[in-house]
$ cat upload_19.pdb   # PDB, C-alpha atoms and all ligand atoms
ATOM      1  CA  MET A   1      75.189-178.904  48.394  1.00  0.00           C
ATOM      2  CA  PRO A   2      72.782-176.338  46.944  1.00  0.00           C
ATOM      3  CA  PRO A   3      69.138-176.513  48.050  1.00  0.00           C
ATOM      4  CA  THR A   4      67.163-179.218  46.261  1.00  0.00           C
ATOM      5  CA  VAL A   5      63.931-178.485  44.408  1.00  0.00           C
ATOM      6  CA  VAL A   6      61.946-181.619  43.532  1.00  0.00           C
ATOM      7  CA  ILE A   7      59.205-181.678  40.886  1.00  0.00           C
ATOM      8  CA  LEU A   8      56.356-184.080  41.728  1.00  0.00           C
ATOM      9  CA  GLY A   9      52.986-185.025  40.299  1.00  0.00           C
ATOM     10  CA  ARG A  10      51.131-187.750  38.474  1.00  0.00           C
ATOM     11  CA  PRO A  11      52.200-188.782  34.956  1.00  0.00           C
ATOM     12  CA  ASN A  12      51.600-186.447  32.003  1.00  0.00           C
ATOM     13  CA  VAL A  13      50.964-183.238  33.922  1.00  0.00           C
ATOM     14  CA  GLY A  14      54.099-181.688  32.403  1.00  0.00           C
ATOM     15  CA  LYS A  15      56.800-182.281  35.035  1.00  0.00           C
ATOM     16  CA  SER A  16      59.564-182.986  32.532  1.00  0.00           C
ATOM     17  CA  THR A  17      58.541-180.061  30.344  1.00  0.00           C
ATOM     18  CA  LEU A  18      58.720-177.816  33.411  1.00  0.00           C
ATOM     19  CA  PHE A  19      62.066-179.346  34.380  1.00  0.00           C
ATOM     20  CA  ASN A  20      63.450-178.539  30.930  1.00  0.00           C
ATOM     21  CA  ARG A  21      62.044-175.032  31.100  1.00  0.00           C
ATOM     22  CA  LEU A  22      63.601-174.371  34.521  1.00  0.00           C
ATOM     23  CA  ALA A  23      66.904-176.092  33.758  1.00  0.00           C
ATOM     24  CA  GLY A  24      67.144-174.141  30.519  1.00  0.00           C
ATOM     25  CA  ARG A  25      68.043-177.108  28.389  1.00  0.00           C
ATOM     26  CA  ARG A  26      66.568-180.401  27.300  1.00  0.00           C
ATOM     27  CA  ILE A  27      67.758-182.973  29.812  1.00  0.00           C
ATOM     28  CA  ALA A  28      64.604-184.800  30.770  1.00  0.00           C
ATOM     29  CA  ILE A  29      62.938-187.016  28.220  1.00  0.00           C
ATOM     30  CA  VAL A  30      59.425-185.921  27.304  1.00  0.00           C
ATOM     31  CA  ASP A  31      57.441-188.882  26.090  1.00  0.00           C
ATOM     32  CA  ASN A  32      53.732-189.444  25.703  1.00  0.00           C
ATOM     33  CA  THR A  33      53.949-193.232  25.660  1.00  0.00           C
ATOM     34  CA  PRO A  34      52.293-194.665  28.759  1.00  0.00           C
ATOM     35  CA  GLY A  35      54.449-197.071  30.708  1.00  0.00           C
ATOM     36  CA  VAL A  36      57.735-195.743  29.405  1.00  0.00           C
ATOM     37  CA  THR A  37      60.391-196.174  32.046  1.00  0.00           C
ATOM     38  CA  ARG A  38      62.411-193.094  32.718  1.00  0.00           C
ATOM     39  CA  ASP A  39      65.035-192.432  35.329  1.00  0.00           C
ATOM     40  CA  ARG A  40      64.907-189.516  37.644  1.00  0.00           C
ATOM     41  CA  LYS A  41      66.836-186.624  36.142  1.00  0.00           C
ATOM     42  CA  GLU A  42      68.720-183.927  37.949  1.00  0.00           C
ATOM     43  CA  ALA A  43      70.289-180.684  36.826  1.00  0.00           C
ATOM     44  CA  PRO A  44      71.844-177.642  38.400  1.00  0.00           C
ATOM     45  CA  ALA A  45      69.595-174.653  37.809  1.00  0.00           C
ATOM     46  CA  ARG A  46      69.305-171.037  38.830  1.00  0.00           C
ATOM     47  CA  ILE A  47      65.850-170.425  40.247  1.00  0.00           C
ATOM     48  CA  GLY A  48      64.739-167.220  41.917  1.00  0.00           C
ATOM     49  CA  GLY A  49      68.330-166.012  41.827  1.00  0.00           C
ATOM     50  CA  ARG A  50      69.563-169.046  43.768  1.00  0.00           C
ATOM     51  CA  ASP A  51      71.671-171.967  42.624  1.00  0.00           C
ATOM     52  CA  VAL A  52      69.639-175.121  43.229  1.00  0.00           C
ATOM     53  CA  LEU A  53      69.681-178.769  42.321  1.00  0.00           C
ATOM     54  CA  LEU A  54      66.540-179.434  40.290  1.00  0.00           C
ATOM     55  CA  VAL A  55      65.126-182.968  40.367  1.00  0.00           C
ATOM     56  CA  ASP A  56      62.542-184.365  37.964  1.00  0.00           C
ATOM     57  CA  THR A  57      60.710-187.449  39.250  1.00  0.00           C
ATOM     58  CA  ALA A  58      59.711-190.074  36.739  1.00  0.00           C
ATOM     59  CA  GLY A  59      59.505-193.453  38.424  1.00  0.00           C
ATOM     60  CA  LEU A  60      55.730-193.209  38.620  1.00  0.00           C
ATOM     61  CA  GLU A  61      55.269-193.967  34.949  1.00  0.00           C
ATOM     62  CA  GLU A  62      56.343-197.534  35.616  1.00  0.00           C
ATOM     63  CA  ALA A  63      53.356-198.222  37.825  1.00  0.00           C
ATOM     64  CA  ALA A  64      50.454-200.384  36.746  1.00  0.00           C
ATOM     65  CA  PRO A  65      47.229-198.328  36.771  1.00  0.00           C
ATOM     66  CA  GLU A  66      45.689-200.199  39.690  1.00  0.00           C
ATOM     67  CA  THR A  67      48.695-199.538  41.900  1.00  0.00           C
ATOM     68  CA  ILE A  68      49.638-196.125  40.640  1.00  0.00           C
ATOM     69  CA  GLN A  69      48.964-194.228  43.835  1.00  0.00           C
ATOM     70  CA  GLY A  70      51.048-196.604  45.896  1.00  0.00           C
ATOM     71  CA  ARG A  71      53.914-196.529  43.452  1.00  0.00           C
ATOM     72  CA  MET A  72      53.711-192.780  43.103  1.00  0.00           C
ATOM     73  CA  ARG A  73      53.998-192.432  46.809  1.00  0.00           C
ATOM     74  CA  ALA A  74      57.004-194.757  47.111  1.00  0.00           C
ATOM     75  CA  SER A  75      58.868-193.011  44.311  1.00  0.00           C
ATOM     76  CA  SER A  76      57.978-189.550  45.561  1.00  0.00           C
ATOM     77  CA  GLU A  77      58.780-190.353  49.167  1.00  0.00           C
ATOM     78  CA  GLU A  78      62.335-191.157  48.207  1.00  0.00           C
ATOM     79  CA  ALA A  79      62.717-187.971  46.181  1.00  0.00           C
ATOM     80  CA  LEU A  80      61.053-185.861  48.840  1.00  0.00           C
ATOM     81  CA  ARG A  81      63.508-186.981  51.488  1.00  0.00           C
ATOM     82  CA  ARG A  82      66.171-184.767  49.891  1.00  0.00           C
ATOM     83  CA  ALA A  83      63.871-181.893  48.981  1.00  0.00           C
ATOM     84  CA  ASP A  84      64.082-178.408  50.435  1.00  0.00           C
ATOM     85  CA  VAL A  85      61.127-177.361  48.288  1.00  0.00           C
ATOM     86  CA  ALA A  86      58.568-179.555  46.509  1.00  0.00           C
ATOM     87  CA  VAL A  87      56.954-178.312  43.297  1.00  0.00           C
ATOM     88  CA  PHE A  88      53.682-180.204  42.898  1.00  0.00           C
ATOM     89  CA  VAL A  89      52.421-180.037  39.325  1.00  0.00           C
ATOM     90  CA  VAL A  90      48.843-180.592  38.170  1.00  0.00           C
ATOM     91  CA  ASP A  91      47.281-180.407  34.713  1.00  0.00           C
ATOM     92  CA  ALA A  92      44.810-177.547  35.085  1.00  0.00           C
ATOM     93  CA  ARG A  93      43.484-178.163  31.586  1.00  0.00           C
ATOM     94  CA  GLY A  94      42.544-181.754  32.375  1.00  0.00           C
ATOM     95  CA  GLY A  95      41.112-180.912  35.788  1.00  0.00           C
ATOM     96  CA  MET A  96      41.895-182.359  39.189  1.00  0.00           C
ATOM     97  CA  THR A  97      41.751-186.166  39.305  1.00  0.00           C
ATOM     98  CA  PRO A  98      41.310-188.507  42.307  1.00  0.00           C
ATOM     99  CA  SER A  99      45.010-189.242  41.918  1.00  0.00           C
ATOM    100  CA  ASP A 100      45.878-185.521  42.268  1.00  0.00           C
ATOM    101  CA  LEU A 101      43.668-185.270  45.362  1.00  0.00           C
ATOM    102  CA  ALA A 102      45.253-188.337  46.993  1.00  0.00           C
ATOM    103  CA  PHE A 103      48.737-187.095  46.152  1.00  0.00           C
ATOM    104  CA  ALA A 104      47.942-183.633  47.560  1.00  0.00           C
ATOM    105  CA  ALA A 105      46.511-185.098  50.775  1.00  0.00           C
ATOM    106  CA  TRP A 106      49.701-187.075  51.250  1.00  0.00           C
ATOM    107  CA  LEU A 107      51.899-184.051  50.460  1.00  0.00           C
ATOM    108  CA  ARG A 108      50.067-181.934  53.037  1.00  0.00           C
ATOM    109  CA  ARG A 109      51.187-184.397  55.703  1.00  0.00           C
ATOM    110  CA  GLN A 110      54.876-184.073  54.771  1.00  0.00           C
ATOM    111  CA  SER A 111      57.126-181.462  56.351  1.00  0.00           C
ATOM    112  CA  VAL A 112      58.516-180.059  53.079  1.00  0.00           C
ATOM    113  CA  PRO A 113      57.132-176.729  51.833  1.00  0.00           C
ATOM    114  CA  VAL A 114      55.051-177.213  48.681  1.00  0.00           C
ATOM    115  CA  ILE A 115      54.517-174.904  45.720  1.00  0.00           C
ATOM    116  CA  LEU A 116      51.379-175.844  43.810  1.00  0.00           C
ATOM    117  CA  VAL A 117      51.776-175.383  40.058  1.00  0.00           C
ATOM    118  CA  ALA A 118      48.749-175.414  37.751  1.00  0.00           C
ATOM    119  CA  ASN A 119      50.277-176.250  34.383  1.00  0.00           C
ATOM    120  CA  LYS A 120      48.888-176.032  30.840  1.00  0.00           C
ATOM    121  CA  THR A 121      47.151-172.719  31.539  1.00  0.00           C
ATOM    122  CA  GLU A 122      48.116-170.997  28.303  1.00  0.00           C
ATOM    123  CA  GLY A 123      45.265-169.362  26.435  1.00  0.00           C
ATOM    124  CA  ARG A 124      42.192-167.375  27.411  1.00  0.00           C
ATOM    125  CA  GLN A 125      40.691-169.865  29.844  1.00  0.00           C
ATOM    126  CA  GLY A 126      43.969-170.656  31.593  1.00  0.00           C
ATOM    127  CA  GLY A 127      43.393-168.556  34.692  1.00  0.00           C
ATOM    128  CA  TYR A 128      39.914-169.960  35.071  1.00  0.00           C
ATOM    129  CA  TRP A 129      41.149-173.560  34.868  1.00  0.00           C
ATOM    130  CA  ALA A 130      43.922-172.846  37.396  1.00  0.00           C
ATOM    131  CA  MET A 131      41.339-171.946  40.056  1.00  0.00           C
ATOM    132  CA  GLU A 132      40.230-175.562  40.247  1.00  0.00           C
ATOM    133  CA  ALA A 133      43.566-176.372  41.865  1.00  0.00           C
ATOM    134  CA  TYR A 134      42.470-174.528  45.032  1.00  0.00           C
ATOM    135  CA  GLU A 135      40.500-177.635  45.965  1.00  0.00           C
ATOM    136  CA  LEU A 136      43.778-179.464  46.606  1.00  0.00           C
ATOM    137  CA  GLY A 137      44.233-177.504  49.842  1.00  0.00           C
ATOM    138  CA  LEU A 138      47.808-176.532  49.054  1.00  0.00           C
ATOM    139  CA  GLY A 139      47.252-172.795  48.884  1.00  0.00           C
ATOM    140  CA  ASP A 140      47.359-170.481  45.893  1.00  0.00           C
ATOM    141  CA  PRO A 141      48.276-172.235  42.656  1.00  0.00           C
ATOM    142  CA  VAL A 142      50.955-170.671  40.458  1.00  0.00           C
ATOM    143  CA  ALA A 143      49.455-170.762  36.960  1.00  0.00           C
ATOM    144  CA  VAL A 144      52.064-171.632  34.355  1.00  0.00           C
ATOM    145  CA  SER A 145      52.476-172.997  30.881  1.00  0.00           C
ATOM    146  CA  ALA A 146      55.657-175.059  30.965  1.00  0.00           C
ATOM    147  CA  GLU A 147      55.397-175.434  27.214  1.00  0.00           C
ATOM    148  CA  HIS A 148      54.972-171.733  26.408  1.00  0.00           C
ATOM    149  CA  GLY A 149      56.815-170.185  29.349  1.00  0.00           C
ATOM    150  CA  ASP A 150      53.874-168.314  30.861  1.00  0.00           C
ATOM    151  CA  GLY A 151      54.027-167.775  34.640  1.00  0.00           C
ATOM    152  CA  ILE A 152      57.596-169.010  35.007  1.00  0.00           C
ATOM    153  CA  GLY A 153      58.678-165.695  36.562  1.00  0.00           C
ATOM    154  CA  GLU A 154      56.019-166.119  39.270  1.00  0.00           C
ATOM    155  CA  LEU A 155      57.265-169.644  39.901  1.00  0.00           C
ATOM    156  CA  HIS A 156      60.818-168.336  40.359  1.00  0.00           C
ATOM    157  CA  ASP A 157      59.460-165.823  42.890  1.00  0.00           C
ATOM    158  CA  ALA A 158      57.577-168.546  44.777  1.00  0.00           C
ATOM    159  CA  VAL A 159      60.719-170.693  45.044  1.00  0.00           C
ATOM    160  CA  ARG A 160      62.798-167.726  46.186  1.00  0.00           C
ATOM    161  CA  GLU A 161      60.336-167.028  49.012  1.00  0.00           C
ATOM    162  CA  LEU A 162      60.832-170.546  50.368  1.00  0.00           C
ATOM    163  CA  LEU A 163      64.627-170.811  50.109  1.00  0.00           C
TER
HETATM  164  P1  LIG A 201      55.324-185.662  32.836  1.00  0.00           P
HETATM  165  O1  LIG A 201      54.881-187.061  32.585  1.00  0.00           O
HETATM  166  O2  LIG A 201      54.615-185.080  34.014  1.00  0.00           O
HETATM  167  O3  LIG A 201      56.813-185.505  32.903  1.00  0.00           O
HETATM  168  O4  LIG A 201      54.811-184.781  31.598  1.00  0.00           O
HETATM  169  P2  LIG A 201      55.593-184.329  30.257  1.00  0.00           P
HETATM  170  O5  LIG A 201      56.484-183.170  30.543  1.00  0.00           O
HETATM  171  O6  LIG A 201      56.205-185.546  29.649  1.00  0.00           O
HETATM  172  O7  LIG A 201      54.377-183.778  29.382  1.00  0.00           O
HETATM  173  C1  LIG A 201      53.246-184.558  29.123  1.00  0.00           C
HETATM  174  C2  LIG A 201      52.496-183.973  27.950  1.00  0.00           C
HETATM  175  O8  LIG A 201      51.960-182.692  28.305  1.00  0.00           O
HETATM  176  C3  LIG A 201      53.390-183.737  26.731  1.00  0.00           C
HETATM  177  O9  LIG A 201      52.620-184.033  25.570  1.00  0.00           O
HETATM  178  C4  LIG A 201      53.700-182.249  26.804  1.00  0.00           C
HETATM  179  O10 LIG A 201      53.967-181.699  25.542  1.00  0.00           O
HETATM  180  C5  LIG A 201      52.395-181.706  27.375  1.00  0.00           C
HETATM  181  N1  LIG A 201      52.585-180.414  28.087  1.00  0.00           N
HETATM  182  C6  LIG A 201      53.525-180.118  28.989  1.00  0.00           C
HETATM  183  N2  LIG A 201      53.438-178.825  29.397  1.00  0.00           N
HETATM  184  C7  LIG A 201      52.384-178.300  28.737  1.00  0.00           C
HETATM  185  C8  LIG A 201      51.778-176.986  28.723  1.00  0.00           C
HETATM  186  O11 LIG A 201      52.187-176.046  29.394  1.00  0.00           O
HETATM  187  N3  LIG A 201      50.675-176.844  27.927  1.00  0.00           N
HETATM  188  C9  LIG A 201      50.188-177.877  27.160  1.00  0.00           C
HETATM  189  N4  LIG A 201      49.111-177.622  26.419  1.00  0.00           N
HETATM  190  N5  LIG A 201      50.760-179.099  27.137  1.00  0.00           N
HETATM  191  C10 LIG A 201      51.830-179.316  27.902  1.00  0.00           C
HETATM  192 MG    MG A 202      58.324-186.892  32.941  1.00  0.00          MG
END
$ encode --input "upload_19.pdb" --output "structure tokens" --more "lines below"
Ligand code: GDP
Ligand code: MG
Amino acid sequence: MPPTVVILGRPNVGKSTLFNRLAGRRIAIVDNTPGVTRDRKEAPARIGGRDVLLVDTAGLEEAAPETIQGRMRASSEEALRRADVAVFVVDARGGMTPSDLAFAAWLRRQSVPVILVANKTEGRQGGYWAMEAYELGLGDPVAVSAEHGDGIGELHDAVRELL
């Protein structure tokens, strides 16, 4: 089995868009509709010069708002069990939410190495927005735009360093 890279984060931060970008084809379903049930998607990908199994997590979208953190954790825990590297995605444009902070605190207690990705940083203010992600305590954020492709080379480098 190739090493497994699991993409995690709260709904709508751009996980599936990043998955598609890294997998190089449209496998995951990108959907703005809240509450849409989507299965976890997997694809072989070449990241940082290594063959990996890339996993997009999606079960969290099923959660009712009042239980979202609990459901996120249950879904992510299962995915994380197989992960060699976790890619934790936040929406830098929208700012860090209590949900991001809770998720990050939980991730810091896991034994899997985490790459923090600040997504949606295209445009002039992108780098400035990305800095807010430092407050998650997961180290230097990799600023990317999954939609536009910015920063994806840096993300490849970050994965390579951990594999
Ligand atoms: P997921 O729920 O975390 O899988 O998020 P999706 O990949 O479904 O994306 C949620 C929304 O964010 C969609 O409307 C995407 O088009 C949008 N999105 C994803 N990546 C970017 C990005 O880099 N920049 C901007 N501006 N929007 C993005
Ligand atoms: Mg998704």
$ resolve_selection --input "upload_19.pdb" --expression "the PyMOL selection byres (((chain A and resi 147) around 10) and not hetatm)" --output "mmCIF file with C-alpha atoms, keeping the file's coordinate frame"
data_model
loop_
_atom_site.group_PDB
_atom_site.id
_atom_site.type_symbol
_atom_site.label_atom_id
_atom_site.label_comp_id
_atom_site.auth_asym_id
_atom_site.auth_seq_id
_atom_site.Cartn_x
_atom_site.Cartn_y
_atom_site.Cartn_z
ATOM 1 C CA GLY A 14 54.099 -181.688 32.403
ATOM 2 C CA THR A 17 58.541 -180.061 30.344
ATOM 3 C CA LEU A 18 58.720 -177.816 33.411
ATOM 4 C CA ASN A 20 63.450 -178.539 30.930
ATOM 5 C CA ARG A 21 62.044 -175.032 31.100
ATOM 6 C CA ASN A 119 50.277 -176.250 34.383
ATOM 7 C CA LYS A 120 48.888 -176.032 30.840
ATOM 8 C CA THR A 121 47.151 -172.719 31.539
ATOM 9 C CA GLU A 122 48.116 -170.997 28.303
ATOM 10 C CA VAL A 144 52.064 -171.632 34.355
ATOM 11 C CA SER A 145 52.476 -172.997 30.881
ATOM 12 C CA ALA A 146 55.657 -175.059 30.965
ATOM 13 C CA HIS A 148 54.972 -171.733 26.408
ATOM 14 C CA GLY A 149 56.815 -170.185 29.349
ATOM 15 C CA ASP A 150 53.874 -168.314 30.861
#
$ resolve_selection --input "upload_19.pdb" --expression "the PyMOL selection byres (((chain A and resi 45-50) around 6) and not hetatm)" --output "list in words"
Ala23, Pro44, Asp51, Val52, His156, Asp157 and Arg160 of chain A
$ write_last_selection --input "upload_19.pdb" --atoms "C-alpha atoms" --output "short mmCIF file (atom, residue, chain, number, x, y, z; two decimals), in the frame of the given file"
data_model
loop_
_atom_site.label_atom_id
_atom_site.label_comp_id
_atom_site.auth_asym_id
_atom_site.auth_seq_id
_atom_site.Cartn_x
_atom_site.Cartn_y
_atom_site.Cartn_z
CA ALA A 23 66.90 -176.09 33.76
CA PRO A 44 71.84 -177.64 38.40
CA ASP A 51 71.67 -171.97 42.62
CA VAL A 52 69.64 -175.12 43.23
CA HIS A 156 60.82 -168.34 40.36
CA ASP A 157 59.46 -165.82 42.89
CA ARG A 160 62.80 -167.73 46.19
#
$ residues_around --input "upload_19.pdb" --residues "Arg81 in chain A" --least-positions-apart "4" --cutoff "10 Å" --atoms "all atoms listed in the file" --output "list of chain:residue names"
A:Val6, A:Ser76, A:Glu77, A:Gln110, A:Ser111, A:Val112
$ closest_residue --input "upload_19.pdb" --among "A:Ala133, A:Ala43, A:Val55, A:Ile152" --to "Val89 in chain A" --atoms "only C-alpha atoms"
A:Ala133
$ atom_distance --input "upload_19.pdb" --atom1 "atom N3 of ligand LIG 201 (chain A)" --atom2 "CA of Glu161 in chain A"
25.2 Å
$ atom_distance --input "upload_19.pdb" --atom1 "CA of Gln125 in chain A" --atom2 "CA of Glu154 in chain A"
18.4 Å
$ closest_residue --input "upload_19.pdb" --among "A:Asp84, A:Asp100, A:Asp56, A:Glu132" --to "ligand LIG 201 (chain A)" --atoms "only C-alpha atoms and all ligand atoms"
A:Asp56
$ atom_distance --input "upload_19.pdb" --atom1 "CA of Val85 in chain A" --atom2 "CA of Phe103 in chain A"
15.9 Å
$ closest_residue --input "upload_19.pdb" --among "A:Met1, A:Ala83, A:Leu136, A:Ala143" --to "ligand LIG 201 (chain A)" --atoms "all atoms listed in the file"
A:Ala143
$ closest_residue --input "upload_19.pdb" --among "A:Pro98, A:Gly137, A:Gly151, A:Pro3" --to "Ala118 in chain A" --atoms "all atoms listed in the file"
A:Gly151
$ resolve_selection --input "upload_19.pdb" --expression "the PyMOL selection byres (((chain A and resi 131) around 9) and not hetatm)" --output "MDAnalysis selection string"
chainID A and resid 92 118 126:130 132:135 140:141 143
$ closest_residue --input "upload_19.pdb" --among "A:Ala158, A:Ile7, A:Val90, A:Met96" --to "Phe19 in chain A" --atoms "only C-alpha atoms"
A:Ile7
$ closest_residue --input "upload_19.pdb" --among "A:Val117, A:Val5, A:Leu107, A:Leu53" --to "ligand LIG 201 (chain A)" --atoms "all atoms listed in the file"
A:Val117
